[in-house]
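Colleague: Provided herewith is a single structure, encoded as structure tokens, for subsequent inquiry.
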Amino acid sequence: MSEYPIWWDTPITVFNKYTDSETDVITWQKTQIENCFWKHNVDRIAINQTVIESSNIICRIPKQDNFIEKFEWVQKPNDEMSNYFTIGVGDIIVKGHVDDIINEYEKGYRSNDLIAKYKDLQGCFQVQEVHINIGLGRCLPHYYAKGE
């Protein structure tokens, strides 16, 4: 039985962006993870007669044995990157397991195409904020990601 609450029940697909320092070629690694927490927030602020609305999504990913921080991951040889999971600003998270791939050099398969495909369904975001919430004293070690 999982130590995480039952509402941590969402599968996700994480796309990690990598730019090769020698060739400047952009690639994306895809990782699928089970039992995550997913929440879409809508905030409204009223100033006199004007209402400003913003929305964001947060995702909490349970601790993974193969996790390394993004700065370590980008230093790995290309053929070893797929052995690890990471999360960083600029990466993309999609709600659910998806078969999509990202290829920045082919129309219809670019990262913006993927985001457009899932964003209206509140099922996708580009990571703007990351917190590594693991270590001693944590009852639910996880990685926190937030974006719009």
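How things are named: the first chain in the structure tokens is A, the next is B, and so on; residues count from 1 in each chain; ligands count from 1 in the order shown.
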Run DSSP on the backbone and give me the residues of chain A it puts in strand (DSSP E or B), as a PyMOL selection string.
Modeller: chain A and resi 10-19+26-47+50-62+67+85+92-95+124-133+142-147
Colleague: Can you list every residue in segment 1-147 of chain A that DSSP puts in helix (DSSP H, G or I), as a ChimeraX atom specification?
Modeller: /A:70-73,78-83,111-119
Colleague: Could you work out how far atom CA of Lys30 of chain A lies from atom CA of Phe125 of chain A, giving the answer in Å with one decimal?
Modeller: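 Value for the atom CA of Phe125 of chain A-atom CA of Lys30 of chain A distance: 14.5 Å.
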Colleague: State, in Å with one decimal place, the distance from atom CA of Ile12 of chain A to atom CA of Lys117 of chain A.
Modeller: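 Pair atom CA of Ile12 of chain A / atom CA of Lys117 of chain A returns 15.3 Å.
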Colleague: For Trp73 of chain A, list every protein, DNA or RNA residue within 8 Å, evaluated using only C-alpha atoms, and leave out those in the same chain fewer than 6 positions away; present the list as a list in words.
Modeller: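 The filter keeps Met81, Tyr84 and Thr86 of chain A.
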Colleague: Could you check which of A:Thr50, A:Gln64, A:Gln29, A:Thr19 is closest to Leu140 of chain A, using only C-alpha atoms?
Modeller: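 Nearest candidate to Leu140 of chain A out of A:Thr50, A:Gln64, A:Gln29, A:Thr19: A:Gln64.
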Colleague: From the options A:Asp91, A:Asp24, A:Asp9, A:Asp100, which residue's atoms come nearest to Pro62 of chain A, counting only C-alpha atoms?
Modeller: A:Asp9
Colleague: Between atom CA of Glu34 of chain A and atom CA of Thr10 of chain A, what is the distance, to one decimal in Å?
Modeller: 6.4 Å
Colleague: My list of candidates is A:Lys63, A:Ile87, A:Asp113, A:Val74. Which is closest to Gly135 of chain A when distances are computed with only C-alpha atoms?
Modeller: A:Lys63
Colleague: Considering only C-alpha atoms, return as a PyMOL selection string whatever protein or nucleic-acid residues lie within 8 Å of His142 of chain A, sequence-local ones (same chain, fewer than 6 positions apart) excluded.
Modeller: chain A and resi 60-63+132-134
Colleague: Measuring atom to atom with only C-alpha atoms, identify which of A:Pro141, A:Gln126, A:Lys70, A:Gly108 is nearest to Ile57 of chain A.
Modeller: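 The closest residue to Ile57 of chain A is A:Gln126.
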